[in-house]
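Scroll down for the structure; my scribbles are underneath it.
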Amino acid sequence: MDFLTGLFPPGKRGSRDTVLAVENRLVPLEFIRNSRARHYILRLTPEGVARITIPWGGSKTQAHAFAQTKTDWIARQLERTAKRRQVSEWKPGSKILYRGEWVPIAVKIEHGRQVVEYGDQSFVLERNESHLKVAIEKRLRGQAEAEIPPLVFAAARLHEVTITQVQIRNQRSRWGSCSSRGTISLNWRLIQIPESVRDYLIIHELMHVREMNHSPRYWSHVANACPEYQKAEQWLNRHSELLR
Ligand SMILES: [Zn+2]
């Protein structure tokens, strides 16, 4: 493989000076020395670079040999990344998560207009809407804005929690938050998950009005209001890819 040395410019975080043959493709390797590491660690970056941490006393030769024993794992990771890319481009026939179920997207032509359908919903695609994912996400967010705030206010009344405002937001990395002033913010993606999990997340934020932490006392409030909350937490853990 030495003849490929120098093909890849050195990265910011490590030196990228060789490649690994994985099935029928070449994967760039990057080495990082970390004297605190106890063993070799292999990671695949989102850009498809295999990054190997070399522990104290280790060498690039050994790191390369280590990576060679892990080509099956790298191949599986590359496949997963490719699949995730496909999922992120929505097209007719793609399945999206809607109310806890994977439903297909259909696009039909009716009276010369494009009609998009998913689950129990359908809408006419505007002429300036060329991106299917953007168009559907806009509708999902609209559904969340119409449906979720009334649910939160009703739950707040039921559990005697005082809140001032409910916001539906496009958070990338969290399902919701609660401010000390009683504003509950929830992710529009709550429209995508099972209703029982959505209801748990509403309770989760409401109970933060009482306890702004995750102490045992906080969790006992959650358990009282939502006895099945652990099942909902398990579902969220299994679907962590919904939030990046
Ligand atoms: Zn919390």
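Following the order of the structure tokens, chains are lettered A, B, ..., residues in each are numbered from 1, and ligands are numbered from 1.
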- Collect all residues with atoms no farther than 7 Å from ligand 1, counting only C-alpha atoms and all ligand atoms, and output them as a list in words. His204, Glu205, His208, Asn213 and His214 of chain A
Mind writing the picked residues with N, CA, C and O atoms as a PDB file, in the first residue's frame?
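Heads up, here's the output in part-v2.pdb:
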ATOM      1  N   HIS A 204     -42.448  14.827  30.803  1.00  0.00           N
ATOM      2  CA  HIS A 204     -41.044  15.039  31.191  1.00  0.00           C
ATOM      3  C   HIS A 204     -40.758  16.540  31.363  1.00  0.00           C
ATOM      4  O   HIS A 204     -40.203  16.963  32.378  1.00  0.00           O
ATOM      5  N   GLU A 205     -41.168  17.326  30.368  1.00  0.00           N
ATOM      6  CA  GLU A 205     -40.887  18.770  30.453  1.00  0.00           C
ATOM      7  C   GLU A 205     -41.762  19.448  31.506  1.00  0.00           C
ATOM      8  O   GLU A 205     -41.300  20.325  32.235  1.00  0.00           O
ATOM      9  N   HIS A 208     -40.427  19.270  34.915  1.00  0.00           N
ATOM     10  CA  HIS A 208     -39.279  20.145  35.166  1.00  0.00           C
ATOM     11  C   HIS A 208     -39.728  21.504  35.712  1.00  0.00           C
ATOM     12  O   HIS A 208     -38.918  22.238  36.284  1.00  0.00           O
ATOM     13  N   ASN A 213     -34.279  19.557  37.505  1.00  0.00           N
ATOM     14  CA  ASN A 213     -33.123  18.642  37.532  1.00  0.00           C
ATOM     15  C   ASN A 213     -33.636  17.238  37.267  1.00  0.00           C
ATOM     16  O   ASN A 213     -34.826  17.051  37.022  1.00  0.00           O
ATOM     17  N   HIS A 214     -32.744  16.262  37.306  1.00  0.00           N
ATOM     18  CA  HIS A 214     -33.163  14.864  37.134  1.00  0.00           C
ATOM     19  C   HIS A 214     -32.923  14.083  38.426  1.00  0.00           C
ATOM     20  O   HIS A 214     -32.408  12.971  38.415  1.00  0.00           O
TER      21      HIS A 214
END
- Item | Which of stretch 106-230 of chain A fall in strand (DSSP E or B), as a ChimeraX atom specification | /A:106-110,113-118,121-124,165-169,176-178,183-187
Determine, using only C-alpha atoms, which residues of stretch 54-97 of chain A have any atom at most 12 Å from an atom of stretch 31-41 of chain A, and tabulate each with its shortest atom pair and distance in Å to one decimal place, rows ordered by chain and then rising number, as JSON lines.
{"residue": "A:Ile54", "atom": "CA", "partner": "A:Arg33", "partner_atom": "CA", "distance": 4.8}
{"residue": "A:Pro55", "atom": "CA", "partner": "A:Ala37", "partner_atom": "CA", "distance": 4.7}
{"residue": "A:Trp56", "atom": "CA", "partner": "A:Ser35", "partner_atom": "CA", "distance": 4.3}
{"residue": "A:Gly57", "atom": "CA", "partner": "A:Ser35", "partner_atom": "CA", "distance": 7.9}
{"residue": "A:Gly58", "atom": "CA", "partner": "A:Tyr40", "partner_atom": "CA", "distance": 8.1}
{"residue": "A:Ser59", "atom": "CA", "partner": "A:Arg33", "partner_atom": "CA", "distance": 9.0}
{"residue": "A:Lys60", "atom": "CA", "partner": "A:Phe31", "partner_atom": "CA", "distance": 7.3}
{"residue": "A:Thr61", "atom": "CA", "partner": "A:Phe31", "partner_atom": "CA", "distance": 10.6}
{"residue": "A:Gln62", "atom": "CA", "partner": "A:Tyr40", "partner_atom": "CA", "distance": 8.9}
{"residue": "A:Ala63", "atom": "CA", "partner": "A:Tyr40", "partner_atom": "CA", "distance": 6.8}
{"residue": "A:His64", "atom": "CA", "partner": "A:Phe31", "partner_atom": "CA", "distance": 9.1}
{"residue": "A:Ala65", "atom": "CA", "partner": "A:Tyr40", "partner_atom": "CA", "distance": 10.5}
{"residue": "A:Phe66", "atom": "CA", "partner": "A:Tyr40", "partner_atom": "CA", "distance": 7.5}
{"residue": "A:Ala67", "atom": "CA", "partner": "A:Tyr40", "partner_atom": "CA", "distance": 9.0}
{"residue": "A:Thr69", "atom": "CA", "partner": "A:Tyr40", "partner_atom": "CA", "distance": 11.8}
{"residue": "A:Lys70", "atom": "CA", "partner": "A:Ile41", "partner_atom": "CA", "distance": 10.7}
Output N, CA, C and O atoms for every residue in the selection just made, as a CSV table (one decimal), in the first residue's frame.
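Okay, this is what ended up in part08.csv:
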chain,number,residue,atom,x,y,z
A,54,ILE,N,-3.6,5.5,18.2
A,54,ILE,CA,-2.5,4.7,18.6
A,54,ILE,C,-2.1,4.9,20.1
A,54,ILE,O,-1.9,6.0,20.5
A,55,PRO,N,-2.1,3.8,20.9
A,55,PRO,CA,-1.8,4.0,22.3
A,55,PRO,C,-0.3,4.2,22.5
A,55,PRO,O,0.5,4.1,21.6
A,56,TRP,N,0.0,4.5,23.7
A,56,TRP,CA,1.4,4.7,24.1
A,56,TRP,C,2.2,3.4,23.8
A,56,TRP,O,1.7,2.3,24.0
A,57,GLY,N,3.3,3.5,23.1
A,57,GLY,CA,4.1,2.4,22.8
A,57,GLY,C,3.7,1.7,21.5
A,57,GLY,O,4.3,0.7,21.0
A,58,GLY,N,2.6,2.2,20.9
A,58,GLY,CA,2.1,1.6,19.6
A,58,GLY,C,2.8,2.2,18.4
A,58,GLY,O,3.6,3.1,18.5
A,59,SER,N,2.5,1.6,17.3
A,59,SER,CA,3.1,2.1,16.0
A,59,SER,C,2.1,2.1,14.9
A,59,SER,O,1.0,1.5,15.0
A,60,LYS,N,2.4,2.9,13.8
A,60,LYS,CA,1.5,2.9,12.7
A,60,LYS,C,1.4,1.6,12.0
A,60,LYS,O,0.3,1.2,11.5
A,61,THR,N,2.5,0.8,12.0
A,61,THR,CA,2.4,-0.5,11.4
A,61,THR,C,1.4,-1.4,12.1
A,61,THR,O,0.6,-2.1,11.5
A,62,GLN,N,1.5,-1.4,13.5
A,62,GLN,CA,0.6,-2.2,14.2
A,62,GLN,C,-0.8,-1.6,14.1
A,62,GLN,O,-1.8,-2.4,14.0
A,63,ALA,N,-1.0,-0.3,14.0
A,63,ALA,CA,-2.3,0.3,13.8
A,63,ALA,C,-2.9,-0.2,12.5
A,63,ALA,O,-4.1,-0.5,12.4
A,64,HIS,N,-2.1,-0.2,11.5
A,64,HIS,CA,-2.5,-0.7,10.2
A,64,HIS,C,-3.0,-2.1,10.2
A,64,HIS,O,-4.0,-2.5,9.7
A,65,ALA,N,-2.1,-3.0,10.9
A,65,ALA,CA,-2.5,-4.4,11.0
A,65,ALA,C,-3.8,-4.5,11.8
A,65,ALA,O,-4.6,-5.4,11.5
A,66,PHE,N,-4.0,-3.7,12.8
A,66,PHE,CA,-5.2,-3.7,13.6
A,66,PHE,C,-6.4,-3.4,12.7
A,66,PHE,O,-7.4,-4.1,12.8
A,67,ALA,N,-6.3,-2.4,11.9
A,67,ALA,CA,-7.4,-2.0,11.0
A,67,ALA,C,-7.7,-3.1,10.1
A,67,ALA,O,-8.9,-3.3,9.7
A,69,THR,N,-7.7,-6.2,10.6
A,69,THR,CA,-8.5,-7.2,11.2
A,69,THR,C,-10.0,-6.7,11.4
A,69,THR,O,-10.8,-7.5,11.8
A,70,LYS,N,-10.2,-5.5,11.1
A,70,LYS,CA,-11.5,-4.9,11.3
A,70,LYS,C,-12.3,-4.5,10.0
A,70,LYS,O,-13.2,-3.7,10.1
Write out as a Markdown table a residue-level contact list of stretch 30-98 of chain A versus stretch 170-192 of chain A with cut-off 9 Å: for each qualifying residue the closest pair of atoms and the distance in Å to one decimal, counting only C-alpha atoms, rows sorted by chain and residue number upward.
| residue | atom | partner | partner_atom | distance |
| --- | --- | --- | --- | --- |
| A:Ile96 | CA | A:Gln192 | CA | 8.3 |
| A:Leu97 | CA | A:Gln192 | CA | 5.3 |
| A:Tyr98 | CA | A:Gln192 | CA | 4.1 |
Write out the residues from the selection above, keeping C-alpha atoms, as an mmCIF file, in the first residue's frame.
data_model
loop_
_atom_site.group_PDB
_atom_site.id
_atom_site.type_symbol
_atom_site.label_atom_id
_atom_site.label_comp_id
_atom_site.auth_asym_id
_atom_site.auth_seq_id
_atom_site.Cartn_x
_atom_site.Cartn_y
_atom_site.Cartn_z
ATOM 1 C CA ILE A 96 -41.064 8.154 6.946
ATOM 2 C CA LEU A 97 -41.851 7.824 10.620
ATOM 3 C CA TYR A 98 -45.292 9.260 11.302
#
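Among A:Ile202, A:Lys108, A:Ile163, A:Glu129, the residue with the shortest atom-to-atom distance to A:Ile148, counting only C-alpha atoms, is A:Ile202.
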- Query: Which one of A:Ile193, A:Met207, A:Pro149, A:Ser122 sits closest to A:Thr162 if you count only C-alpha atoms?
  - Reply: A:Met207
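Backbone DSSP over stretch 20-89 of chain A gives alpha helix (DSSP H) for A:Lys60, A:Thr61, A:Gln62, A:Ala63, A:His64, A:Ala65, A:Phe66, A:Ala67, A:Gln68, A:Thr71, A:Asp72, A:Trp73, A:Ile74, A:Ala75, A:Arg76, A:Gln77, A:Leu78, A:Glu79, A:Arg80, A:Thr81, A:Ala82, A:Lys83, A:Arg84, A:Arg85, A:Gln86, A:Val87, A:Ser88.
Residue nearest A:Ala225, chosen from A:Ala156, A:Ile168, A:Leu243, A:Ala50 and counting only C-alpha atoms: A:Ala156.
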- Item | For atom CA of A:Val27 and atom CA of A:Arg76, the interatomic separation in Å (one decimal) | 12.9 Å
